[in-house]
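This is entry-v3.txt (compact mmCIF, C-alpha atoms).
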# COMPACT_ATOMS: atom_id res chain seq x y z
CA MET A 92 -111.96 -46.63 23.74
CA LYS A 93 -109.26 -48.78 25.30
CA LEU A 94 -108.19 -49.87 21.83
CA PHE A 95 -107.73 -46.21 20.86
CA VAL A 96 -105.90 -45.07 24.03
CA THR A 97 -103.29 -47.84 24.00
CA PRO A 98 -101.85 -47.05 20.56
CA LEU A 99 -101.91 -43.32 21.39
CA ALA A 100 -99.98 -43.90 24.63
CA LEU A 101 -97.42 -46.04 22.85
CA ALA A 102 -96.97 -43.33 20.23
CA ILE A 103 -96.50 -40.65 22.90
CA LEU A 104 -93.91 -42.79 24.73
CA ALA A 105 -92.07 -43.69 21.50
CA GLY A 106 -91.75 -40.05 20.45
CA PRO A 107 -88.94 -39.14 22.88
CA LEU A 108 -87.23 -42.45 22.22
CA ALA A 109 -87.34 -41.85 18.47
CA ALA A 110 -85.99 -38.34 18.93
CA GLN A 111 -83.28 -39.56 21.31
CA ALA A 112 -81.96 -42.26 18.94
CA PRO A 113 -80.95 -39.93 16.07
CA THR A 114 -79.42 -37.52 18.56
CA ASP A 115 -77.08 -40.22 19.92
CA ALA A 116 -76.18 -41.38 16.38
CA GLU A 117 -75.42 -37.83 15.28
CA LYS A 118 -73.26 -37.33 18.34
CA ARG A 119 -71.32 -40.49 17.69
CA ILE A 120 -70.84 -39.50 14.03
CA ALA A 121 -69.67 -36.03 15.05
CA ASP A 122 -67.18 -37.56 17.49
CA LEU A 123 -65.87 -39.87 14.81
CA GLU A 124 -65.50 -36.96 12.35
CA LYS A 125 -63.47 -35.04 14.94
CA LYS A 126 -61.20 -38.04 15.50
CA VAL A 127 -60.71 -38.54 11.72
CA ASP A 128 -59.97 -34.84 11.27
CA LYS A 129 -57.46 -34.94 14.12
CA LEU A 130 -55.75 -38.00 12.65
CA THR A 131 -55.69 -36.42 9.18
CA LYS A 132 -54.05 -33.25 10.49
CA ALA A 133 -51.52 -35.27 12.45
CA GLN A 134 -50.66 -37.34 9.37
CA ALA A 135 -50.37 -34.20 7.24
CA LYS A 136 -48.07 -32.61 9.80
CA LYS A 137 -46.01 -35.78 9.89
CA SER A 138 -45.73 -35.71 6.09
CA ASP A 139 -44.72 -32.03 6.12
CA ASP A 140 -42.12 -32.70 8.80
CA SER A 141 -40.77 -35.59 6.70
CA LYS A 142 -40.58 -33.37 3.63
CA ASP A 143 -38.87 -30.60 5.56
CA SER A 144 -36.26 -32.75 7.26
CA GLY A 145 -36.26 -36.05 5.38
CA PHE A 146 -34.67 -37.48 2.28
CA TYR A 147 -36.14 -38.77 -0.96
CA VAL A 148 -34.59 -40.15 -4.12
CA LYS A 149 -35.91 -41.03 -7.55
CA PHE A 150 -33.93 -43.16 -10.01
CA GLY A 151 -34.09 -43.12 -13.78
CA GLY A 152 -32.06 -44.01 -16.83
CA ARG A 153 -31.79 -44.29 -20.58
CA PHE A 154 -30.14 -46.28 -23.32
CA HIS A 155 -29.72 -45.30 -26.98
CA LEU A 156 -28.77 -48.17 -29.28
CA ASP A 157 -27.50 -46.98 -32.69
CA SER A 158 -26.59 -48.43 -36.07
CA VAL A 159 -24.67 -46.09 -38.37
CA PHE A 160 -23.89 -46.57 -42.09
CA PHE A 161 -21.77 -44.36 -44.37
CA ASP A 162 -22.20 -44.30 -48.14
CA GLY A 163 -20.16 -42.62 -50.89
CA ASN A 164 -17.20 -41.85 -48.63
CA GLN A 165 -13.61 -41.93 -49.91
CA ASN A 166 -12.07 -41.90 -46.43
CA ARG A 167 -12.20 -45.00 -44.23
CA LEU A 168 -15.35 -44.50 -42.16
CA ALA A 169 -16.53 -47.46 -40.09
CA ASN A 170 -20.08 -48.81 -40.19
CA GLY A 171 -21.49 -50.60 -37.18
CA THR A 172 -23.65 -50.68 -34.08
CA GLN A 173 -22.97 -49.18 -30.67
CA LEU A 174 -24.55 -48.21 -27.37
CA ARG A 175 -24.44 -44.46 -27.90
CA ARG A 176 -25.67 -43.70 -24.38
CA GLY A 177 -26.31 -45.90 -21.38
CA ARG A 178 -27.04 -43.96 -18.21
CA ILE A 179 -28.32 -44.34 -14.69
CA SER A 180 -29.47 -41.13 -13.01
CA PHE A 181 -31.01 -39.97 -9.78
CA LYS A 182 -32.84 -36.96 -8.39
CA ALA A 183 -32.80 -36.42 -4.63
CA GLY A 184 -34.23 -34.03 -2.07
CA PHE A 185 -32.94 -33.01 1.35
CA GLY A 186 -35.92 -31.27 2.94
CA LYS A 187 -37.91 -28.73 0.99
CA ASP A 188 -35.03 -26.38 0.03
CA TRP A 189 -32.22 -28.68 -1.14
CA VAL A 190 -32.11 -30.88 -4.24
CA ALA A 191 -29.46 -32.88 -6.08
CA GLU A 192 -28.99 -34.67 -9.38
CA GLY A 193 -26.52 -37.22 -10.68
CA ASP A 194 -26.04 -38.84 -14.09
CA TYR A 195 -23.59 -41.69 -14.70
CA ASP A 196 -22.79 -42.90 -18.24
CA PHE A 197 -21.33 -46.31 -19.10
CA ALA A 198 -21.62 -46.33 -22.91
CA GLU A 199 -18.83 -47.11 -25.40
CA GLY A 200 -17.12 -49.48 -22.99
CA ASP A 201 -16.18 -46.65 -20.67
CA ALA A 202 -17.66 -44.93 -17.62
CA SER A 203 -17.92 -41.24 -16.84
CA ILE A 204 -19.80 -38.78 -14.65
CA LYS A 205 -22.10 -36.43 -16.54
CA ASP A 206 -24.17 -34.37 -14.09
CA MET A 207 -23.36 -34.30 -10.37
CA TRP A 208 -24.65 -31.28 -8.45
CA ILE A 209 -26.54 -30.02 -5.42
CA GLY A 210 -28.91 -27.05 -5.48
CA TYR A 211 -30.65 -24.65 -3.13
CA GLN A 212 -34.21 -23.59 -4.04
CA GLY A 213 -35.29 -21.77 -0.88
CA LEU A 214 -35.64 -18.45 -2.73
CA LYS A 215 -38.70 -17.78 -4.88
CA ASP A 216 -38.32 -18.88 -8.51
CA THR A 217 -34.59 -19.36 -8.00
CA LEU A 218 -32.11 -22.23 -8.11
CA ILE A 219 -28.48 -22.04 -7.00
CA GLN A 220 -26.33 -24.96 -8.21
CA VAL A 221 -22.89 -26.20 -7.19
CA GLY A 222 -21.17 -29.14 -8.88
CA GLN A 223 -20.88 -30.38 -12.47
CA PHE A 224 -23.59 -29.49 -14.96
CA LYS A 225 -23.99 -27.89 -18.38
CA GLU A 226 -22.93 -24.30 -18.85
CA PRO A 227 -25.90 -22.15 -19.96
CA PHE A 228 -25.01 -21.88 -23.65
CA GLY A 229 -26.64 -23.41 -26.74
CA PHE A 230 -30.29 -24.47 -27.03
CA ASP A 231 -29.40 -27.71 -28.79
CA THR A 232 -26.64 -28.62 -26.33
CA LEU A 233 -28.78 -27.81 -23.28
CA SER A 234 -31.65 -29.96 -24.58
CA SER A 235 -31.80 -33.46 -23.11
CA SER A 236 -30.58 -36.24 -25.39
CA ASN A 237 -33.99 -37.82 -24.76
CA ALA A 238 -35.67 -34.81 -26.37
CA ILE A 239 -33.43 -33.87 -29.34
CA TRP A 240 -35.12 -34.23 -32.73
CA PHE A 241 -32.38 -36.15 -34.53
CA THR A 242 -30.13 -38.94 -33.32
CA GLU A 243 -27.33 -36.36 -33.08
CA ARG A 244 -27.32 -32.67 -32.26
CA SER A 245 -26.32 -30.04 -34.83
CA TYR A 246 -22.76 -28.88 -35.52
CA SER A 247 -23.18 -26.25 -32.79
CA ASP A 248 -22.67 -28.98 -30.20
CA VAL A 249 -19.09 -29.47 -31.44
CA TRP A 250 -17.76 -26.46 -29.56
CA ALA A 251 -20.41 -25.73 -26.94
CA PRO A 252 -18.92 -25.50 -23.40
CA ASP A 253 -21.02 -28.45 -22.19
CA ARG A 254 -20.36 -29.73 -18.62
CA HIS A 255 -17.86 -28.27 -16.16
CA VAL A 256 -17.52 -27.99 -12.39
CA GLY A 257 -18.80 -24.65 -11.13
CA ILE A 258 -21.51 -22.58 -9.53
CA ALA A 259 -24.59 -21.00 -11.13
CA ILE A 260 -27.73 -19.10 -10.25
CA ALA A 261 -30.94 -19.34 -12.27
CA LYS A 262 -34.00 -17.10 -11.97
CA TRP A 263 -37.30 -17.32 -13.85
CA GLY A 264 -40.76 -15.87 -14.28
CA ASP A 265 -43.91 -16.82 -16.19
CA ARG A 266 -42.39 -16.05 -19.61
CA TRP A 267 -38.63 -15.76 -19.08
CA GLN A 268 -35.57 -17.28 -17.45
CA GLY A 269 -31.98 -16.24 -16.94
CA LYS A 270 -28.91 -18.09 -15.74
CA ALA A 271 -25.34 -16.98 -14.97
CA SER A 272 -22.43 -19.22 -14.03
CA PHE A 273 -18.72 -19.53 -13.29
CA PHE A 274 -16.86 -22.78 -14.12
CA GLY A 275 -13.53 -24.55 -13.89
CA GLN A 276 -12.69 -27.78 -15.71
CA ALA A 277 -14.82 -30.91 -16.13
CA ILE A 278 -14.69 -33.65 -13.50
CA ASP A 279 -12.75 -35.95 -15.85
CA ASP A 280 -10.11 -33.22 -16.24
CA THR A 281 -9.88 -32.38 -12.55
CA ASN A 282 -9.50 -36.08 -11.71
CA THR A 283 -6.63 -36.52 -14.17
CA ALA A 284 -3.24 -36.64 -12.50
CA ASP A 285 -1.22 -33.48 -13.20
CA THR A 286 2.12 -34.46 -14.70
CA ASN A 287 3.45 -31.14 -15.93
CA GLY A 288 2.20 -28.41 -13.60
CA SER A 289 -0.44 -27.06 -16.00
CA ASP A 290 -2.98 -24.60 -14.62
CA GLN A 291 -6.58 -25.61 -15.26
CA GLY A 292 -8.82 -23.51 -17.46
CA TRP A 293 -11.81 -21.51 -16.25
CA GLY A 294 -14.68 -19.51 -17.68
CA TYR A 295 -18.12 -18.02 -17.26
CA ALA A 296 -21.38 -18.12 -19.18
CA ALA A 297 -24.84 -16.55 -19.16
CA ARG A 298 -28.11 -17.12 -21.01
CA PHE A 299 -31.40 -15.23 -21.12
CA THR A 300 -34.58 -16.40 -22.84
CA VAL A 301 -38.07 -14.96 -23.20
CA ALA A 302 -41.33 -16.21 -24.69
CA PRO A 303 -43.21 -13.06 -25.81
CA ILE A 304 -45.99 -15.30 -27.11
CA LEU A 305 -46.97 -18.04 -24.64
CA VAL A 306 -50.54 -19.23 -25.15
CA SER A 307 -49.85 -22.67 -23.68
CA GLU A 308 -47.02 -25.16 -23.41
CA SER A 309 -47.77 -26.24 -27.00
CA LYS A 310 -48.21 -22.70 -28.41
CA ALA A 311 -45.15 -20.56 -27.79
CA ILE A 312 -42.49 -18.46 -29.52
CA HIS A 313 -39.07 -18.19 -27.89
CA PHE A 314 -36.06 -15.87 -28.29
CA GLY A 315 -32.76 -16.37 -26.52
CA VAL A 316 -29.26 -14.91 -26.27
CA ALA A 317 -26.18 -16.43 -24.64
CA MET A 318 -22.51 -15.70 -24.07
CA ALA A 319 -19.59 -17.80 -22.83
CA ASN A 320 -15.97 -16.88 -22.21
CA ARG A 321 -13.23 -19.38 -21.42
CA THR A 322 -9.51 -19.46 -20.68
CA PRO A 323 -7.89 -22.69 -21.93
CA ILE A 324 -5.83 -25.05 -19.82
CA ALA A 325 -2.19 -23.94 -19.71
CA ASP A 326 -0.65 -27.28 -20.70
CA TYR A 327 2.85 -27.72 -21.98
CA SER A 328 4.10 -28.52 -25.44
CA THR A 329 5.26 -32.03 -26.34
CA THR A 330 5.88 -31.11 -30.01
CA THR A 331 8.61 -29.30 -31.88
CA LEU A 332 6.24 -26.47 -32.79
CA VAL A 333 6.64 -24.87 -29.36
CA PRO A 334 9.77 -25.36 -27.25
CA VAL A 335 9.29 -27.87 -24.42
CA GLY A 336 8.53 -26.03 -21.21
CA ASN A 337 6.56 -23.26 -22.89
CA GLU A 338 2.84 -23.09 -22.10
CA VAL A 339 0.71 -23.85 -25.14
CA TYR A 340 -2.73 -22.51 -24.10
CA ALA A 341 -4.37 -24.34 -27.01
CA VAL A 342 -8.02 -24.72 -28.02
CA ASP A 343 -9.37 -27.50 -30.20
CA PHE A 344 -12.76 -27.22 -31.97
CA SER A 345 -12.52 -30.47 -33.94
CA GLY A 346 -15.72 -32.43 -34.49
CA ARG A 347 -17.56 -35.19 -36.36
CA PRO A 348 -20.14 -34.65 -39.15
CA GLU A 349 -23.34 -34.89 -37.01
CA ALA A 350 -22.95 -38.66 -36.71
CA GLY A 351 -22.46 -41.06 -33.84
CA LYS A 352 -19.10 -42.18 -32.50
CA ILE A 353 -18.81 -45.48 -34.38
CA SER A 354 -16.40 -43.71 -36.71
CA LYS A 355 -14.06 -41.43 -34.78
CA ALA A 356 -13.12 -39.43 -37.90
CA LYS A 357 -13.30 -35.67 -37.38
CA PHE A 358 -13.52 -33.63 -40.57
CA LEU A 359 -13.48 -30.20 -38.89
CA ASN A 360 -10.16 -29.58 -37.16
CA ALA A 361 -9.55 -25.95 -36.15
CA LYS A 362 -6.81 -25.80 -33.51
CA VAL A 363 -5.23 -22.60 -32.22
CA ALA A 364 -2.31 -22.24 -29.77
CA ASN A 365 -1.15 -19.30 -27.63
CA VAL A 366 -4.75 -18.41 -26.76
CA LYS A 367 -5.56 -15.87 -24.05
CA ASN A 368 -9.28 -16.69 -24.09
CA TYR A 369 -12.14 -17.32 -26.48
CA THR A 370 -15.62 -15.79 -26.45
CA GLN A 371 -18.75 -17.40 -27.82
CA VAL A 372 -22.04 -15.62 -28.50
CA GLY A 373 -25.30 -17.16 -29.66
CA GLY A 374 -28.85 -16.28 -30.67
CA GLU A 375 -31.92 -18.55 -30.58
CA PHE A 376 -35.24 -18.41 -32.42
CA VAL A 377 -37.50 -21.29 -31.46
CA GLY A 378 -41.20 -22.05 -31.39
CA VAL A 379 -44.01 -24.58 -31.27
CA TRP A 380 -47.56 -24.26 -32.52
CA ASN A 381 -49.53 -27.44 -31.98
CA ALA A 382 -48.16 -30.08 -34.37
CA PHE A 383 -45.58 -27.75 -35.96
CA SER A 384 -42.32 -26.69 -34.27
CA TRP A 385 -39.04 -25.09 -35.29
CA GLN A 386 -35.61 -24.54 -33.76
CA SER A 387 -32.71 -22.39 -34.99
CA GLU A 388 -29.47 -20.93 -33.66
CA TYR A 389 -26.52 -18.83 -34.81
CA GLN A 390 -23.22 -18.94 -32.91
CA GLN A 391 -19.88 -17.24 -33.32
CA THR A 392 -16.58 -18.00 -31.60
CA LYS A 393 -13.76 -15.46 -31.42
CA VAL A 394 -10.31 -16.58 -30.30
CA LYS A 395 -8.07 -13.94 -28.71
CA ARG A 396 -4.34 -14.63 -28.70
CA ARG A 397 -1.80 -14.00 -25.95
CA ASP A 398 1.34 -11.91 -26.16
CA ALA A 399 3.65 -12.74 -29.05
CA ILE A 400 5.98 -15.73 -28.74
CA GLY A 401 8.90 -16.87 -30.86
CA THR A 402 12.09 -15.28 -32.06
CA THR A 403 11.57 -14.58 -35.76
CA PRO A 404 9.38 -11.75 -37.09
CA ALA A 405 7.08 -14.30 -38.75
CA ALA A 406 6.60 -16.27 -35.52
CA LEU A 407 5.97 -13.11 -33.54
CA ALA A 408 3.35 -11.92 -36.06
CA ALA A 409 1.61 -15.29 -36.39
CA SER A 410 1.21 -15.88 -32.67
CA VAL A 411 -0.92 -12.78 -32.04
CA VAL A 412 -3.51 -13.02 -34.86
CA ASP A 413 -7.09 -13.40 -33.57
CA HIS A 414 -9.46 -15.82 -35.31
CA THR A 415 -13.24 -16.04 -35.75
CA PHE A 416 -15.41 -19.07 -36.60
CA SER A 417 -19.18 -19.52 -36.92
CA THR A 418 -22.03 -22.02 -37.19
CA TYR A 419 -25.78 -22.00 -37.68
CA TYR A 420 -28.65 -24.42 -38.21
CA GLY A 421 -32.40 -24.46 -38.67
CA GLN A 422 -34.76 -27.40 -38.22
CA VAL A 423 -38.51 -27.93 -38.54
CA SER A 424 -40.85 -30.65 -37.35
CA TRP A 425 -44.40 -31.86 -37.86
CA ILE A 426 -45.90 -34.40 -35.45
CA PHE A 427 -48.89 -36.62 -36.22
CA GLY A 428 -50.69 -37.84 -33.11
CA GLY A 429 -48.81 -35.80 -30.51
CA GLN A 430 -47.31 -32.45 -29.55
CA ARG A 431 -43.99 -31.07 -28.41
CA THR A 432 -44.10 -29.04 -25.19
CA TYR A 433 -42.19 -25.90 -24.18
CA SER A 434 -41.07 -24.84 -20.69
CA ALA A 435 -40.53 -21.12 -20.11
CA GLN A 436 -38.85 -21.90 -16.78
CA ASP A 437 -36.09 -23.85 -18.56
CA GLY A 438 -36.25 -22.03 -21.89
CA LEU A 439 -36.23 -25.45 -23.58
CA PHE A 440 -38.43 -28.04 -25.24
CA GLY A 441 -39.57 -31.11 -23.35
CA LYS A 442 -40.27 -34.60 -24.66
CA VAL A 443 -43.10 -35.50 -27.05
CA ASN A 444 -46.11 -37.16 -25.44
CA PRO A 445 -48.20 -39.18 -27.92
CA SER A 446 -51.95 -38.57 -27.81
CA ASN A 447 -52.83 -41.64 -29.88
CA LYS A 448 -52.91 -45.29 -28.81
CA LEU A 449 -50.69 -46.13 -31.77
CA GLY A 450 -48.18 -43.49 -30.73
CA ALA A 451 -46.99 -40.39 -32.59
CA LEU A 452 -45.10 -39.99 -35.86
CA GLU A 453 -42.69 -37.09 -36.39
CA VAL A 454 -41.13 -35.84 -39.64
CA VAL A 455 -38.09 -33.56 -39.26
CA ALA A 456 -35.69 -31.68 -41.54
CA ARG A 457 -32.51 -29.73 -40.73
CA TYR A 458 -29.93 -27.65 -42.58
CA SER A 459 -26.69 -26.83 -40.76
CA LYS A 460 -23.33 -25.27 -41.52
CA MET A 461 -20.10 -24.87 -39.57
CA ASN A 462 -17.15 -22.79 -40.73
CA GLN A 463 -13.81 -23.49 -39.06
CA ASP A 464 -11.82 -21.74 -41.78
CA ASP A 465 -10.36 -18.32 -41.03
CA LEU A 466 -8.02 -17.57 -43.90
CA THR A 467 -6.25 -14.53 -42.50
CA ALA A 468 -3.23 -13.14 -44.35
CA ILE A 469 -0.98 -14.17 -41.47
CA ASP A 470 -1.39 -17.49 -39.64
CA PRO A 471 -4.49 -18.73 -41.55
CA VAL A 472 -6.52 -21.50 -39.90
CA LYS A 473 -7.76 -24.18 -42.30
CA GLY A 474 -10.08 -26.10 -40.01
CA GLY A 475 -12.57 -26.89 -42.76
CA GLN A 476 -16.13 -26.03 -43.65
CA ALA A 477 -19.13 -28.37 -43.83
CA LYS A 478 -22.78 -28.13 -44.81
CA ASN A 479 -25.31 -30.82 -43.91
CA LEU A 480 -28.87 -31.54 -45.01
CA SER A 481 -30.73 -34.01 -42.79
CA LEU A 482 -34.13 -35.72 -42.90
CA GLY A 483 -35.57 -37.83 -40.12
CA LEU A 484 -38.54 -39.95 -39.14
CA THR A 485 -39.39 -40.84 -35.54
CA TRP A 486 -42.07 -43.13 -34.13
CA TYR A 487 -42.93 -42.42 -30.49
CA THR A 488 -44.44 -45.70 -29.36
CA ASN A 489 -45.14 -44.04 -26.01
CA LYS A 490 -43.49 -41.38 -23.87
CA ASN A 491 -40.67 -43.76 -22.86
CA LEU A 492 -39.90 -45.50 -26.16
CA ARG A 493 -39.08 -44.20 -29.62
CA TRP A 494 -37.64 -45.52 -32.89
CA MET A 495 -35.64 -43.19 -35.15
CA ILE A 496 -34.17 -43.17 -38.65
CA ASP A 497 -32.08 -40.25 -39.97
CA TYR A 498 -30.46 -39.55 -43.33
CA THR A 499 -27.76 -36.86 -43.60
CA LYS A 500 -25.99 -35.60 -46.72
CA VAL A 501 -22.57 -34.11 -45.86
CA ASP A 502 -20.85 -31.52 -48.08
CA ASN A 503 -17.25 -30.85 -46.99
CA ASN A 504 -14.93 -28.26 -48.52
CA GLU A 505 -11.29 -28.74 -49.51
CA ASN A 506 -10.01 -28.02 -45.97
CA ALA A 507 -12.28 -30.51 -44.21
CA LYS A 508 -10.47 -33.82 -43.83
CA PRO A 509 -9.89 -36.48 -41.18
CA LYS A 510 -6.42 -37.35 -40.00
CA GLY A 511 -4.43 -40.51 -39.37
CA VAL A 512 -5.85 -43.93 -40.24
CA TYR A 513 -9.02 -42.48 -41.77
CA GLY A 514 -7.29 -41.47 -44.99
CA GLY A 515 -6.98 -37.68 -44.98
CA ILE A 516 -8.77 -37.29 -48.34
CA VAL A 517 -10.04 -33.73 -48.81
CA ASN A 518 -13.45 -32.61 -50.08
CA ASP A 519 -15.02 -35.99 -49.25
CA ASP A 520 -18.81 -35.76 -49.62
CA PHE A 521 -20.91 -38.66 -48.38
CA SER A 522 -24.20 -39.65 -46.75
CA ILE A 523 -24.97 -41.08 -43.30
CA THR A 524 -27.92 -43.29 -42.32
CA THR A 525 -28.57 -43.78 -38.59
CA LEU A 526 -31.07 -46.06 -36.86
CA ARG A 527 -31.81 -45.74 -33.16
CA LEU A 528 -33.80 -47.56 -30.49
CA GLN A 529 -34.24 -45.20 -27.54
CA VAL A 530 -35.60 -46.10 -24.11
CA ASN A 531 -35.83 -43.77 -21.12
CA PHE A 532 -37.40 -44.37 -17.73

For this file, write the structure as structure tokens.
Amino acid sequence: MKLFVTPLALAILAGPLAAQAPTDAEKRIADLEKKVDKLTKAQAKKSDDSKDSGFYVKFGGRFHLDSVFFDGNQNRLANGTQLRRGRISFKAGFGKDWVAEGDYDFAEGDASIKDMWIGYQGLKDTLIQVGQFKEPFGFDTLSSSNAIWFTERSYSDVWAPDRHVGIAIAKWGDRWQGKASFFGQAIDDTNTADTNGSDQGWGYAARFTVAPILVSESKAIHFGVAMANRTPIADYSTTTLVPVGNEVYAVDFSGRPEAGKISKAKFLNAKVANVKNYTQVGGEFVGVWNAFSWQSEYQQTKVKRRDAIGTTPAALAASVVDHTFSTYYGQVSWIFGGQRTYSAQDGLFGKVNPSNKLGALEVVARYSKMNQDDLTAIDPVKGGQAKNLSLGLTWYTNKNLRWMIDYTKVDNNENAKPKGVYGGIVNDDFSITTLRLQVNF
């Protein structure tokens, strides 16, 4: 009996102790959980406070190393290798509502500021920018040089407004974006010492894009329209064509044949003086559908002249004739082992991200034409006309490294010719082969 009672008593006494032990452990665990939760909330609040009132910066850069070779040319066009782009950039934040970007280029043995702006993003789906950045005109020109399909952009980039100092507001939704801006000159122009009292030029631009079909970032169809208007710098004549002291108000649309800058020869050379302003309009039809993508634009530039100048009837008549020029291109791409992405917020393509360990291979083709001839009865402009057919092959080793080879056949008309040391031979048709090593980080 004693043997039976003793174990029973021990069991009865151990019961409360066993029940008490888990209760204390649970309490200690609960206390620890409260302390962890409190510390987590404090750390989160500290992070939020840092984001709201602190500063962050992210650095990046790129270099594009090119080799360019001309074949079949009659004019003197240089072959060689160059650093086409070498840039250091940054993105910064000042609290949650203010951002900034800067881009500094040191290629070609020179240094220049590309982008340099600050922006306010405290309003929903809105960005207000002040500083130097690209005017909202031209899909190809607005696309990052890290994301363009060929080593060089199409002819449309010859006369696109590009970067100027100004202010802009952008607004976007799930399928659309719009941007309007007002600009002065570029930083390089505003930093140049004024030696003749010339007024700087100014202008405005706007662009609207929509993706009526947007299944995903790799399945989208895009339409866009854009307009830019600009008043040229006043400047003063240093030639005998216009008396010294008279304001020239000239525009220059000269450009190279979709090649790098190893050869400086410009075959298209439309220049017009006594310009009141010039207006550019453009249309975009772009899309991506898995491995296949396409990009096309049409642009027209109309130059409006100022009041008549000169003393003779011929001079008076010639100085007031308006002129119109145009350009268009279309390009297609097929990517093996990767996809191109589309952003409705920017209305632009992003970079290609390979989905294969060996990288991605892209085959591209482009046809482009620019017409800088306007053969009016009075004061005809013979700036030249060129048609290009380009083929390209790109190997994306990874998202930060790609190797490119392009071949372009150039067909110039009788008015397209380079000037000076390059020879000045008209109707010079030739081919261009370009190799590029591109790194971005």

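Distance-wise, atom CA of A:Ile400 and atom CA of A:Tyr340 end up 12.0 Å apart.
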
Pick out the residues sitting within 12 Å of stretch 515-521 of chain A, and hand them over as an mmCIF file with C-alpha atoms, keeping the file's coordinate frame; count all atoms listed in the file, and ignore anything fewer than 2 positions along from it in its own chain.
data_model
loop_
_atom_site.group_PDB
_atom_site.id
_atom_site.type_symbol
_atom_site.label_atom_id
_atom_site.label_comp_id
_atom_site.auth_asym_id
_atom_site.auth_seq_id
_atom_site.Cartn_x
_atom_site.Cartn_y
_atom_site.Cartn_z
ATOM 1 C CA PHE A 160 -23.890 -46.570 -42.090
ATOM 2 C CA PHE A 161 -21.770 -44.360 -44.370
ATOM 3 C CA ASP A 162 -22.200 -44.300 -48.140
ATOM 4 C CA GLY A 163 -20.160 -42.620 -50.890
ATOM 5 C CA ASN A 164 -17.200 -41.850 -48.630
ATOM 6 C CA GLN A 165 -13.610 -41.930 -49.910
ATOM 7 C CA ASN A 166 -12.070 -41.900 -46.430
ATOM 8 C CA ARG A 167 -12.200 -45.000 -44.230
ATOM 9 C CA LEU A 168 -15.350 -44.500 -42.160
ATOM 10 C CA PRO A 348 -20.140 -34.650 -39.150
ATOM 11 C CA ALA A 350 -22.950 -38.660 -36.710
ATOM 12 C CA ALA A 356 -13.120 -39.430 -37.900
ATOM 13 C CA LYS A 357 -13.300 -35.670 -37.380
ATOM 14 C CA PHE A 358 -13.520 -33.630 -40.570
ATOM 15 C CA LEU A 359 -13.480 -30.200 -38.890
ATOM 16 C CA ASN A 360 -10.160 -29.580 -37.160
ATOM 17 C CA LYS A 473 -7.760 -24.180 -42.300
ATOM 18 C CA GLY A 474 -10.080 -26.100 -40.010
ATOM 19 C CA GLY A 475 -12.570 -26.890 -42.760
ATOM 20 C CA GLN A 476 -16.130 -26.030 -43.650
ATOM 21 C CA ALA A 477 -19.130 -28.370 -43.830
ATOM 22 C CA LYS A 478 -22.780 -28.130 -44.810
ATOM 23 C CA ASN A 479 -25.310 -30.820 -43.910
ATOM 24 C CA LEU A 480 -28.870 -31.540 -45.010
ATOM 25 C CA TYR A 498 -30.460 -39.550 -43.330
ATOM 26 C CA THR A 499 -27.760 -36.860 -43.600
ATOM 27 C CA LYS A 500 -25.990 -35.600 -46.720
ATOM 28 C CA VAL A 501 -22.570 -34.110 -45.860
ATOM 29 C CA ASP A 502 -20.850 -31.520 -48.080
ATOM 30 C CA ASN A 503 -17.250 -30.850 -46.990
ATOM 31 C CA ASN A 504 -14.930 -28.260 -48.520
ATOM 32 C CA GLU A 505 -11.290 -28.740 -49.510
ATOM 33 C CA ASN A 506 -10.010 -28.020 -45.970
ATOM 34 C CA ALA A 507 -12.280 -30.510 -44.210
ATOM 35 C CA LYS A 508 -10.470 -33.820 -43.830
ATOM 36 C CA PRO A 509 -9.890 -36.480 -41.180
ATOM 37 C CA LYS A 510 -6.420 -37.350 -40.000
ATOM 38 C CA GLY A 511 -4.430 -40.510 -39.370
ATOM 39 C CA VAL A 512 -5.850 -43.930 -40.240
ATOM 40 C CA TYR A 513 -9.020 -42.480 -41.770
ATOM 41 C CA ILE A 523 -24.970 -41.080 -43.300
ATOM 42 C CA THR A 524 -27.920 -43.290 -42.320
#

Atomic separation - atom CA of A:Phe224 relative to atom CA of A:Met207, Å |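 Result for atom CA of A:Met207 versus atom CA of A:Phe224: 6.7 Å, one decimal.
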
Could you tell me, as JSON, numbers by chain, which residues have any atom at most 7 Å from (-51.5, -36.8, -30.8), counting all atoms listed in the file?
-> {"A": [427, 428, 429, 430, 445, 446, 447, 451]}

Got a sec: who's within 8 Å of stretch 372-382 of chain A, counting all atoms listed in the file, leaving out chain neighbours fewer than 2 positions off, as a VMD selection string?
-> chain A and resid 228 to 230 309 to 319 370 384 to 392 424 to 427 429 to 433

Using all atoms listed in the file, determine which residues lie at most 10 Å from A:Gly184, disregarding the query and same-chain residues fewer than 4 positions distant; provide the list as a PyMOL selection string.
-> chain A and resi 142-149+188-192+209-210

If you measure from atom CA of A:Val530 to atom CA of A:Tyr487, what distance in Å do you get, rounded to one decimal?
-> 10.4 Å

Exercise on stretch 423-436 of chain A, axis-aligned box with 3 Å per side, report centre and edge lengths in Å to one decimal, as AutoDock Vina command-line options:
--center_x -44.6 --center_y -29.5 --center_z -27.7 --size_x 18.2 --size_y 22.7 --size_z 27.8

A:Phe532: which residues within 9 Å, counting only C-alpha atoms, same-chain residues fewer than 6 positions away excluded, as a count of residues only?
-> 6

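Distances from A:Asp497, A:Asp398, A:Asp343, A:Glu453 to A:Phe241 were compared using all atoms listed in the file, and the smallest one belongs to A:Asp497.
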
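The protein and nucleic acid residues lying at most 7 Å from stretch 415-417 of chain A are Gln390, Gln391, Thr392, Lys393, Val394, Met461, Asn462, Gln463, Asp464 and Asp465 of chain A, with all atoms listed in the file considered and sequence neighbours fewer than 6 positions away removed.
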